Amino acid sequence: MSQTLQSPVTPPPASDERVGRASSWARLFARPEMGALTGAIVIFVFFLAIAPSIRNANSLSSVLYVSSTYGLMATPIALLMIGGEFDLSAGVAVTSSALTAALFSYEFTVNVWVGIAVALALSLAVGFLNGWIVVRTGIPSFLVTLGTFFMLQGLNLAITQTVTNQVASPNIADIAGFETARKVFASSFTIGGVNIQATIVYWIVFVIIATWVLQRSRTGNWIFSVGGSAPSARAVGVPVAKVKIGLFMTVGLMAWFTGMATLFQFNTIQSGNGVGNEFVYIIAAVVGGCLLTGGYGSAVGAAIGAFIFGLTNQGIVYAGWNPDWFTFFEGALLLGAILLNTYIRRRAELAK
Amino acid sequence: MTTTSESSQETQKAVPLVKLTDAGKSYGSIIALSGITLEVSAREVTCVLGDNGAGKSTLIKIIAGLHRPTTGTYEVEGEPVHFSSPREALERGIATVYQDLAVVPLMPVWRNFFLGNEKRRGPRMDIPFMKRTCRKELLDMGIDLRDVEQPIGTLSGGERQCVAIARAVYFGAKVLILDEPTAALGVKQSGVVLKYVLQARERGLGVIFITHNPHHAFPVGDRFLLLNRGRSIGSYAKEQITRDELTGLMAGGGELEALSHELEAMGGAAATAAQEMEAEVQELGLGQRPPEHPG
């Protein structure tokens, strides 16, 4: 793209004998998401080969649904990681949000939408708090959000137990407003006999929005800069604290959305849910090319990373294996993706 | 650009762009800087020379608006100013290019160029404009980049420095403060940067060039201010001083000799170093072949 832009201005200087032309292969693989795409294709072909029952549209739709439940969160986590921060509380924050909506509407017998609004406020507040502590104290977000992770987990279990004497929220299916909320957050539709969950569509829309923000908007420029070098960004007038707090709040917003999608899908939510998912989101982002050190990555890559997870999660079931193998694959994927990314990037850099 | 600055130059010739008079700065009981008088006009390079701890960075911080001087006055284009932030200084056209350059290595050159000053059209950035402008501005400075899409971290130190200078110039700097721009560079790269210092002067800017290297300062400087331990130890116009005198003042002939005696007393390898050092002191006195003029 840049090649076509340049040529009318001045001919590309071929004078420097040290600069060869980058092969198109190298150019392609220098992109952050290419490693993930390669991995996704390999794993997809693998499961197509060994699990015949995955070879139909409905199975693929359920693979995409599971992917979307990871992908909805992997997207803001990727943005946050590009901005140079982590959020370990993101997994349980989804559950906190869903529990808040369910318990609030149930306990105060109010319309479900009131509970949904309270949950939104809470999720944004948790995101703000995470971000505010990180930018005010300079303590690594890894530690700050590890703290909020355990606090939220404790609150989820303790408050649910106190309110309901159970380990799950009550079924809210007969509370006022449930039907409309379900239509918004957890509907599904049928195309050509294939049932498709709305969360898949939401996921794709959010990935497109995130990609647009990163690549085309000023905010995207700022996100890359605060992750790449916060002091430099500050020196040229980028509001570093606002950008970082905004990113944490975006994670909060999406935790709320994902929580609502889960709650209205199943009518109830287990208070112990979500633990461990924070790592799935981070792994999806890393598999998709996000650097742990910040300043580099892509939303599309994280989406492919989430797809790999959905695929593996369902593929194991379709292949008839014990689902206990899933966490083994999680770890193997992370390690494999990092090795592959490192290898490909090094090859691409050498080829340049 | 050149024509407008030329006409404004005529009217402003008498008034320096930046003028510090008897300025000083103390942090509590520590006096970091005192009695500094410095000025720079359009089309002029003022070099500030000094060793580590001489007060150069405090001086930069005062001019850049990070600190207010505790004594003396600071005038911009003849008007007394009291900056409370670097942004205010920037609004008056005083731009600082720090040693770390304030660039984000992983980001493309054009994104770095416009970072914090993105050109927008509605909610989105005007990317074609920014790429085109970045390329053109760099070309005007004589830097022909293969691709403005490449991460700025892949450029050489000298090129990065020049991008930072071009950026400051594009965003309306009248005075450029360059903080040790050649400190981390090799001989050739330093030459490239010095060429851009002269180019910035040609374009009608005033340049304050901070360095500890008299060989870099002398070829481009119009005035020289020497600092030592927070005080001025001399202020010269170019015609008042030779390169060797400048080098001698900078090296602090006496101090160097004292150091060589110290090393000698330690014996062994240190003594050899001491002899070499003494020879150097001698050489400074005898004068040396001037290095090639850059550009």
# chains A, B, ... in the order shown; residues from 1 in each chain; ligands from 1

call {"tool": "interface_residues", "arguments": {"of": "chain A", "to": "chain B", "cutoff": "6 Å", "atoms": "only C-alpha atoms", "output": "MDAnalysis selection string"}}
result
chainID A and resid 216:217 228:229 232 236:238

call {"tool": "residues_around", "arguments": {"residues": "Thr145 in chain A", "least_positions_apart": "5", "cutoff": "8 Å", "atoms": "only C-alpha atoms", "output": "VMD selection string"}}
result
chain A and resid 86 to 89 130

call {"tool": "write_last_selection", "arguments": {"atoms": "C-alpha atoms", "output": "mmCIF file, in the first residue's frame"}}
result
data_model
loop_
_atom_site.group_PDB
_atom_site.id
_atom_site.type_symbol
_atom_site.label_atom_id
_atom_site.label_comp_id
_atom_site.auth_asym_id
_atom_site.auth_seq_id
_atom_site.Cartn_x
_atom_site.Cartn_y
_atom_site.Cartn_z
ATOM 1 C CA PHE A 86 -2.744 -6.200 31.714
ATOM 2 C CA ASP A 87 -6.076 -6.975 33.299
ATOM 3 C CA LEU A 88 -6.173 -10.187 35.292
ATOM 4 C CA SER A 89 -9.559 -9.305 36.771
ATOM 5 C CA ASN A 130 -8.050 -0.533 38.019
#

call {"tool": "atom_distance", "arguments": {"atom1": "CA of Gly35 in chain B", "atom2": "CA of His215 in chain B"}}
result
25.9 Å

call {"tool": "residues_around", "arguments": {"residues": "Thr58 in chain B", "least_positions_apart": "6", "cutoff": "9 Å", "atoms": "only C-alpha atoms", "output": "list in words"}}
result
Lys25, Ala32, Leu33, His67 and Gly230 of chain B

call {"tool": "write_last_selection", "arguments": {"atoms": "C-alpha atoms", "output": "compact mmCIF listing (two decimals), in the first residue's frame"}}
result
# COMPACT_ATOMS: atom_id res chain seq x y z
CA LYS B 25 17.76 28.37 39.52
CA ALA B 32 21.90 24.54 40.19
CA LEU B 33 22.44 27.56 38.01
CA HIS B 67 11.06 25.27 35.45
CA GLY B 230 26.19 25.99 37.21

call {"tool": "select_by_dssp", "arguments": {"residues": "range 176-278 of chain B", "states": "strand (DSSP E)", "output": "PyMOL selection string"}}
result
chain B and resi 176-179+206-211+223-228+231-237

call {"tool": "residues_around", "arguments": {"residues": "Phe83 in chain B", "least_positions_apart": "6", "cutoff": "12 Å", "atoms": "only C-alpha atoms", "output": "JSON, numbers by chain"}}
result
{"B": [61, 62, 63, 64, 65, 66, 67, 68, 69, 73, 74, 75, 76, 89, 90, 91, 92, 94]}

call {"tool": "write_last_selection", "arguments": {"atoms": "N, CA and C atoms", "output": "PDB file, in the first residue's frame"}}
result
ATOM      1  N   LYS B  61      15.656  23.118  30.902  1.00  0.00           N
ATOM      2  CA  LYS B  61      14.347  23.055  31.543  1.00  0.00           C
ATOM      3  C   LYS B  61      13.763  24.444  31.747  1.00  0.00           C
ATOM      4  N   ILE B  62      14.629  25.418  32.020  1.00  0.00           N
ATOM      5  CA  ILE B  62      14.128  26.790  32.163  1.00  0.00           C
ATOM      6  C   ILE B  62      13.611  27.298  30.831  1.00  0.00           C
ATOM      7  N   ILE B  63      14.416  27.122  29.776  1.00  0.00           N
ATOM      8  CA  ILE B  63      14.003  27.654  28.473  1.00  0.00           C
ATOM      9  C   ILE B  63      12.771  26.921  27.954  1.00  0.00           C
ATOM     10  N   ALA B  64      12.710  25.610  28.212  1.00  0.00           N
ATOM     11  CA  ALA B  64      11.603  24.806  27.688  1.00  0.00           C
ATOM     12  C   ALA B  64      10.309  24.983  28.479  1.00  0.00           C
ATOM     13  N   GLY B  65      10.378  25.702  29.598  1.00  0.00           N
ATOM     14  CA  GLY B  65       9.171  25.978  30.362  1.00  0.00           C
ATOM     15  C   GLY B  65       8.860  24.964  31.448  1.00  0.00           C
ATOM     16  N   LEU B  66       9.783  24.034  31.692  1.00  0.00           N
ATOM     17  CA  LEU B  66       9.555  23.053  32.760  1.00  0.00           C
ATOM     18  C   LEU B  66       9.788  23.665  34.135  1.00  0.00           C
ATOM     19  N   HIS B  67      10.766  24.574  34.202  1.00  0.00           N
ATOM     20  CA  HIS B  67      11.060  25.266  35.454  1.00  0.00           C
ATOM     21  C   HIS B  67      11.024  26.769  35.213  1.00  0.00           C
ATOM     22  N   ARG B  68      10.693  27.515  36.274  1.00  0.00           N
ATOM     23  CA  ARG B  68      10.851  28.962  36.180  1.00  0.00           C
ATOM     24  C   ARG B  68      12.175  29.328  36.817  1.00  0.00           C
ATOM     25  N   PRO B  69      12.864  30.305  36.238  1.00  0.00           N
ATOM     26  CA  PRO B  69      14.109  30.717  36.887  1.00  0.00           C
ATOM     27  C   PRO B  69      13.777  31.359  38.239  1.00  0.00           C
ATOM     28  N   THR B  73      15.721  37.237  34.506  1.00  0.00           N
ATOM     29  CA  THR B  73      14.540  37.355  33.660  1.00  0.00           C
ATOM     30  C   THR B  73      14.657  36.476  32.423  1.00  0.00           C
ATOM     31  N   TYR B  74      13.511  36.160  31.896  1.00  0.00           N
ATOM     32  CA  TYR B  74      13.398  35.345  30.694  1.00  0.00           C
ATOM     33  C   TYR B  74      12.474  36.094  29.737  1.00  0.00           C
ATOM     34  N   GLU B  75      13.005  36.448  28.560  1.00  0.00           N
ATOM     35  CA  GLU B  75      12.180  37.170  27.592  1.00  0.00           C
ATOM     36  C   GLU B  75      12.088  36.384  26.295  1.00  0.00           C
ATOM     37  N   VAL B  76      10.903  36.395  25.709  1.00  0.00           N
ATOM     38  CA  VAL B  76      10.706  35.815  24.391  1.00  0.00           C
ATOM     39  C   VAL B  76      10.271  36.940  23.465  1.00  0.00           C
ATOM     40  N   ALA B  89       5.418  27.124  26.459  1.00  0.00           N
ATOM     41  CA  ALA B  89       6.627  27.478  25.713  1.00  0.00           C
ATOM     42  C   ALA B  89       6.461  27.094  24.258  1.00  0.00           C
ATOM     43  N   LEU B  90       5.871  25.922  24.033  1.00  0.00           N
ATOM     44  CA  LEU B  90       5.651  25.424  22.679  1.00  0.00           C
ATOM     45  C   LEU B  90       4.738  26.370  21.912  1.00  0.00           C
ATOM     46  N   GLU B  91       3.732  26.910  22.606  1.00  0.00           N
ATOM     47  CA  GLU B  91       2.817  27.835  21.954  1.00  0.00           C
ATOM     48  C   GLU B  91       3.530  29.105  21.508  1.00  0.00           C
ATOM     49  N   ARG B  92       4.590  29.472  22.233  1.00  0.00           N
ATOM     50  CA  ARG B  92       5.378  30.636  21.810  1.00  0.00           C
ATOM     51  C   ARG B  92       6.452  30.240  20.799  1.00  0.00           C
ATOM     52  N   ILE B  94       8.737  27.707  21.087  1.00  0.00           N
ATOM     53  CA  ILE B  94       9.992  27.170  21.618  1.00  0.00           C
ATOM     54  C   ILE B  94       9.860  25.662  21.781  1.00  0.00           C
TER      55      ILE B  94
END

call {"tool": "residues_around", "arguments": {"residues": "Arg182 in chain A", "least_positions_apart": "3", "cutoff": "12 Å", "atoms": "only C-alpha atoms", "output": "list in words"}}
result
Val112, Trp113, Ile116, Ile172, Ala173, Asp174, Ile175, Ala176, Gly177, Phe178, Glu179, Phe185, Ala186, Ser187, Ser188, Gln197, Ala198, Thr199, Met260, Ala261, Thr262, Leu263, Phe264, Gln265, Phe266 and Asn267 of chain A

call {"tool": "residues_around", "arguments": {"residues": "range 45-57 of chain B", "least_positions_apart": "6", "cutoff": "7 Å", "atoms": "only C-alpha atoms", "output": "list in words"}}
result
Ala32, Leu33, Arg201, Gly206, Val207, Ile208, Phe209, Ile210, Thr211, His212, Ala217, Val220, Gly221, Asp222, Arg223, Phe224, Leu225, Leu226, Leu227, Asn228, Arg229, Gly230 and Met250 of chain B

call {"tool": "closest_residue", "arguments": {"among": "A:Leu72, A:Ala98, A:Val135, A:Leu120", "to": "Glu85 in chain A", "atoms": "only C-alpha atoms"}}
result
A:Val135

call {"tool": "residues_around", "arguments": {"residues": "Gly157 in chain B", "least_positions_apart": "5", "cutoff": "12 Å", "atoms": "only C-alpha atoms", "output": "list in words"}}
result
Gln99, Asp100, Leu101, Val103, Pro105, Ile152, Cys162, Val163, Ala164, Pro181, Thr182, Ala183, Ala184, Leu185, Gly186, Val187, Lys188, Gln189, Ser190, Gly191, Val192 and Val193 of chain B

call {"tool": "atom_distance", "arguments": {"atom1": "CA of Val286 in chain A", "atom2": "CA of Ala302 in chain A"}}
result
7.2 Å

call {"tool": "closest_residue", "arguments": {"among": "B:Ala269, B:Ala237, B:Met141, B:Ile30", "to": "Arg203 in chain B", "atoms": "only C-alpha atoms"}}
result
B:Met141

call {"tool": "select_by_dssp", "arguments": {"residues": "range 117-230 of chain B", "states": "helix (DSSP H, G or I)", "output": "ChimeraX atom specification"}}
result
/B:127-140,152-154,157-170,187-202,214-220

call {"tool": "write_last_selection", "arguments": {"atoms": "N, CA and C atoms", "output": "compact mmCIF listing (two decimals), in the first residue's frame"}}
result
# COMPACT_ATOMS: atom_id res chain seq x y z
N ILE B 127 -5.08 10.21 7.02
CA ILE B 127 -3.83 9.46 6.89
C ILE B 127 -3.04 9.80 5.61
N PRO B 128 -3.71 9.90 4.44
CA PRO B 128 -2.94 10.26 3.23
C PRO B 128 -2.21 11.59 3.40
N PHE B 129 -2.91 12.57 4.00
CA PHE B 129 -2.28 13.87 4.21
C PHE B 129 -1.06 13.74 5.11
N MET B 130 -1.20 12.97 6.19
CA MET B 130 -0.11 12.87 7.15
C MET B 130 1.10 12.16 6.55
N LYS B 131 0.84 11.10 5.77
CA LYS B 131 1.96 10.39 5.14
C LYS B 131 2.67 11.30 4.14
N ARG B 132 1.85 12.01 3.34
CA ARG B 132 2.41 12.87 2.30
C ARG B 132 3.24 13.98 2.95
N THR B 133 2.65 14.61 3.98
CA THR B 133 3.33 15.73 4.62
C THR B 133 4.62 15.28 5.29
N CYS B 134 4.54 14.14 5.97
CA CYS B 134 5.72 13.63 6.66
C CYS B 134 6.85 13.41 5.65
N ARG B 135 6.52 12.79 4.54
CA ARG B 135 7.52 12.51 3.51
C ARG B 135 8.13 13.80 2.97
N LYS B 136 7.24 14.75 2.73
CA LYS B 136 7.69 16.01 2.14
C LYS B 136 8.57 16.79 3.12
N GLU B 137 8.13 16.86 4.37
CA GLU B 137 8.91 17.61 5.37
C GLU B 137 10.30 16.99 5.56
N LEU B 138 10.34 15.66 5.54
CA LEU B 138 11.63 15.00 5.71
C LEU B 138 12.51 15.22 4.48
N LEU B 139 11.86 15.21 3.32
CA LEU B 139 12.60 15.44 2.09
C LEU B 139 13.19 16.85 2.09
N ASP B 140 12.40 17.82 2.60
CA ASP B 140 12.89 19.20 2.69
C ASP B 140 14.11 19.30 3.59
N ILE B 152 9.89 3.70 13.40
CA ILE B 152 10.96 4.70 13.52
C ILE B 152 12.19 4.09 14.19
N GLY B 153 11.97 3.00 14.94
CA GLY B 153 13.09 2.31 15.58
C GLY B 153 14.06 1.68 14.59
N THR B 154 13.63 1.51 13.33
CA THR B 154 14.53 0.91 12.34
C THR B 154 15.45 1.96 11.71
N GLY B 157 20.30 6.38 14.41
CA GLY B 157 20.19 7.41 15.43
C GLY B 157 20.13 8.81 14.84
N GLY B 158 20.96 9.06 13.83
CA GLY B 158 20.99 10.38 13.20
C GLY B 158 19.69 10.69 12.49
N GLU B 159 19.15 9.69 11.78
CA GLU B 159 17.89 9.89 11.07
C GLU B 159 16.76 10.18 12.03
N ARG B 160 16.75 9.42 13.15
CA ARG B 160 15.70 9.63 14.16
C ARG B 160 15.76 11.05 14.68
N GLN B 161 16.98 11.51 14.96
CA GLN B 161 17.20 12.87 15.45
C GLN B 161 16.62 13.87 14.45
N CYS B 162 16.86 13.60 13.18
CA CYS B 162 16.41 14.52 12.14
C CYS B 162 14.89 14.52 12.02
N VAL B 163 14.27 13.34 12.20
CA VAL B 163 12.81 13.30 12.17
C VAL B 163 12.26 14.16 13.31
N ALA B 164 12.89 14.05 14.49
CA ALA B 164 12.43 14.84 15.63
C ALA B 164 12.60 16.33 15.36
N ILE B 165 13.70 16.71 14.70
CA ILE B 165 13.91 18.12 14.37
C ILE B 165 12.88 18.57 13.34
N ALA B 166 12.69 17.76 12.29
CA ALA B 166 11.74 18.12 11.23
C ALA B 166 10.34 18.29 11.81
N ARG B 167 10.01 17.42 12.77
CA ARG B 167 8.69 17.49 13.41
C ARG B 167 8.52 18.81 14.14
N ALA B 168 9.54 19.20 14.92
CA ALA B 168 9.47 20.46 15.66
C ALA B 168 9.34 21.64 14.70
N VAL B 169 10.09 21.59 13.60
CA VAL B 169 10.06 22.69 12.64
C VAL B 169 8.67 22.77 12.00
N TYR B 170 8.12 21.60 11.61
CA TYR B 170 6.82 21.60 10.95
C TYR B 170 5.74 22.17 11.85
N VAL B 187 30.73 9.31 14.20
CA VAL B 187 31.28 10.50 13.55
C VAL B 187 30.42 10.93 12.36
N LYS B 188 30.08 9.97 11.50
CA LYS B 188 29.36 10.31 10.28
C LYS B 188 27.94 10.78 10.60
N GLN B 189 27.28 10.03 11.50
CA GLN B 189 25.91 10.39 11.88
C GLN B 189 25.87 11.78 12.53
N SER B 190 26.87 12.09 13.34
CA SER B 190 26.94 13.42 13.96
C SER B 190 27.00 14.48 12.87
N GLY B 191 27.80 14.21 11.84
CA GLY B 191 27.91 15.15 10.73
C GLY B 191 26.57 15.40 10.09
N VAL B 192 25.78 14.33 9.92
CA VAL B 192 24.45 14.46 9.33
C VAL B 192 23.57 15.37 10.18
N VAL B 193 23.61 15.14 11.50
CA VAL B 193 22.78 15.96 12.38
C VAL B 193 23.22 17.43 12.34
N LEU B 194 24.54 17.66 12.33
CA LEU B 194 25.04 19.04 12.28
C LEU B 194 24.55 19.73 11.01
N LYS B 195 24.49 18.95 9.92
CA LYS B 195 23.99 19.51 8.67
C LYS B 195 22.56 20.00 8.84
N TYR B 196 21.74 19.23 9.58
CA TYR B 196 20.35 19.64 9.78
C TYR B 196 20.23 20.81 10.74
N VAL B 197 21.18 20.92 11.66
CA VAL B 197 21.20 22.10 12.53
C VAL B 197 21.38 23.35 11.66
N LEU B 198 22.32 23.26 10.71
CA LEU B 198 22.55 24.39 9.82
C LEU B 198 21.33 24.64 8.93
N GLN B 199 20.72 23.54 8.50
CA GLN B 199 19.53 23.66 7.65
C GLN B 199 18.40 24.37 8.39
N ALA B 200 18.22 24.03 9.67
CA ALA B 200 17.20 24.68 10.48
C ALA B 200 17.50 26.18 10.58
N ARG B 201 18.78 26.51 10.72
CA ARG B 201 19.17 27.92 10.78
C ARG B 201 18.84 28.61 9.47
N GLU B 202 19.17 27.96 8.36
CA GLU B 202 18.88 28.51 7.03
C GLU B 202 17.40 28.83 6.88
N PRO B 214 33.15 20.26 21.75
CA PRO B 214 33.49 21.51 21.06
C PRO B 214 33.68 21.30 19.55
N HIS B 215 34.07 20.08 19.15
CA HIS B 215 34.26 19.83 17.72
C HIS B 215 32.95 19.84 16.96
N HIS B 216 31.87 19.53 17.67
CA HIS B 216 30.55 19.60 17.05
C HIS B 216 30.00 21.02 17.11
N ALA B 217 30.32 21.71 18.20
CA ALA B 217 29.75 23.04 18.40
C ALA B 217 30.39 24.07 17.48
N PHE B 218 31.70 24.02 17.36
CA PHE B 218 32.39 25.11 16.67
C PHE B 218 31.95 25.32 15.21
N PRO B 219 31.87 24.25 14.42
CA PRO B 219 31.54 24.48 13.01
C PRO B 219 30.16 25.09 12.78
N VAL B 220 29.19 24.84 13.67
CA VAL B 220 27.83 25.32 13.42
C VAL B 220 27.46 26.53 14.25

call {"tool": "decode", "arguments": {"residues": "range 34-52 of chain B", "atoms": "N, CA and C atoms", "output": "compact mmCIF listing (two decimals), in the first residue's frame"}}
result
# COMPACT_ATOMS: atom_id res chain seq x y z
N SER B 34 23.39 29.80 38.16
CA SER B 34 23.27 31.20 38.56
C SER B 34 23.99 32.11 37.59
N GLY B 35 23.39 33.28 37.41
CA GLY B 35 24.00 34.34 36.61
C GLY B 35 24.19 34.00 35.14
N ILE B 36 23.21 33.31 34.54
CA ILE B 36 23.34 32.91 33.13
C ILE B 36 22.68 33.94 32.22
N THR B 37 23.45 34.42 31.26
CA THR B 37 22.90 35.32 30.25
C THR B 37 23.10 34.66 28.90
N LEU B 38 22.00 34.53 28.19
CA LEU B 38 22.05 33.80 26.93
C LEU B 38 21.05 34.41 25.97
N GLU B 39 21.41 34.50 24.70
CA GLU B 39 20.38 34.90 23.75
C GLU B 39 20.55 34.19 22.42
N VAL B 40 19.43 34.05 21.74
CA VAL B 40 19.47 33.48 20.39
C VAL B 40 18.46 34.23 19.54
N SER B 41 18.90 34.60 18.33
CA SER B 41 18.02 35.29 17.40
C SER B 41 17.71 34.36 16.24
N ALA B 42 16.81 34.79 15.40
CA ALA B 42 16.50 34.01 14.21
C ALA B 42 17.77 33.87 13.37
N ARG B 43 17.90 32.74 12.70
CA ARG B 43 19.07 32.48 11.87
C ARG B 43 20.36 32.51 12.67
N GLU B 44 20.31 31.93 13.84
CA GLU B 44 21.49 31.96 14.68
C GLU B 44 21.55 30.66 15.49
N VAL B 45 22.75 30.15 15.66
CA VAL B 45 22.92 28.96 16.49
C VAL B 45 23.73 29.35 17.72
N THR B 46 23.11 29.20 18.89
CA THR B 46 23.84 29.45 20.13
C THR B 46 24.18 28.10 20.75
N CYS B 47 25.47 27.87 20.96
CA CYS B 47 25.90 26.60 21.53
C CYS B 47 26.10 26.76 23.03
N VAL B 48 25.57 25.81 23.79
CA VAL B 48 25.81 25.78 25.22
C VAL B 48 26.70 24.58 25.49
N LEU B 49 27.91 24.86 25.97
CA LEU B 49 28.87 23.79 26.19
C LEU B 49 29.12 23.60 27.67
N GLY B 50 29.27 22.36 28.05
CA GLY B 50 29.59 22.10 29.45
C GLY B 50 29.67 20.62 29.69
N ASP B 51 30.43 20.23 30.70
CA ASP B 51 30.58 18.82 31.01
C ASP B 51 29.36 18.35 31.81
N ASN B 52 29.36 17.08 32.15
CA ASN B 52 28.25 16.57 32.96
C ASN B 52 28.15 17.35 34.26
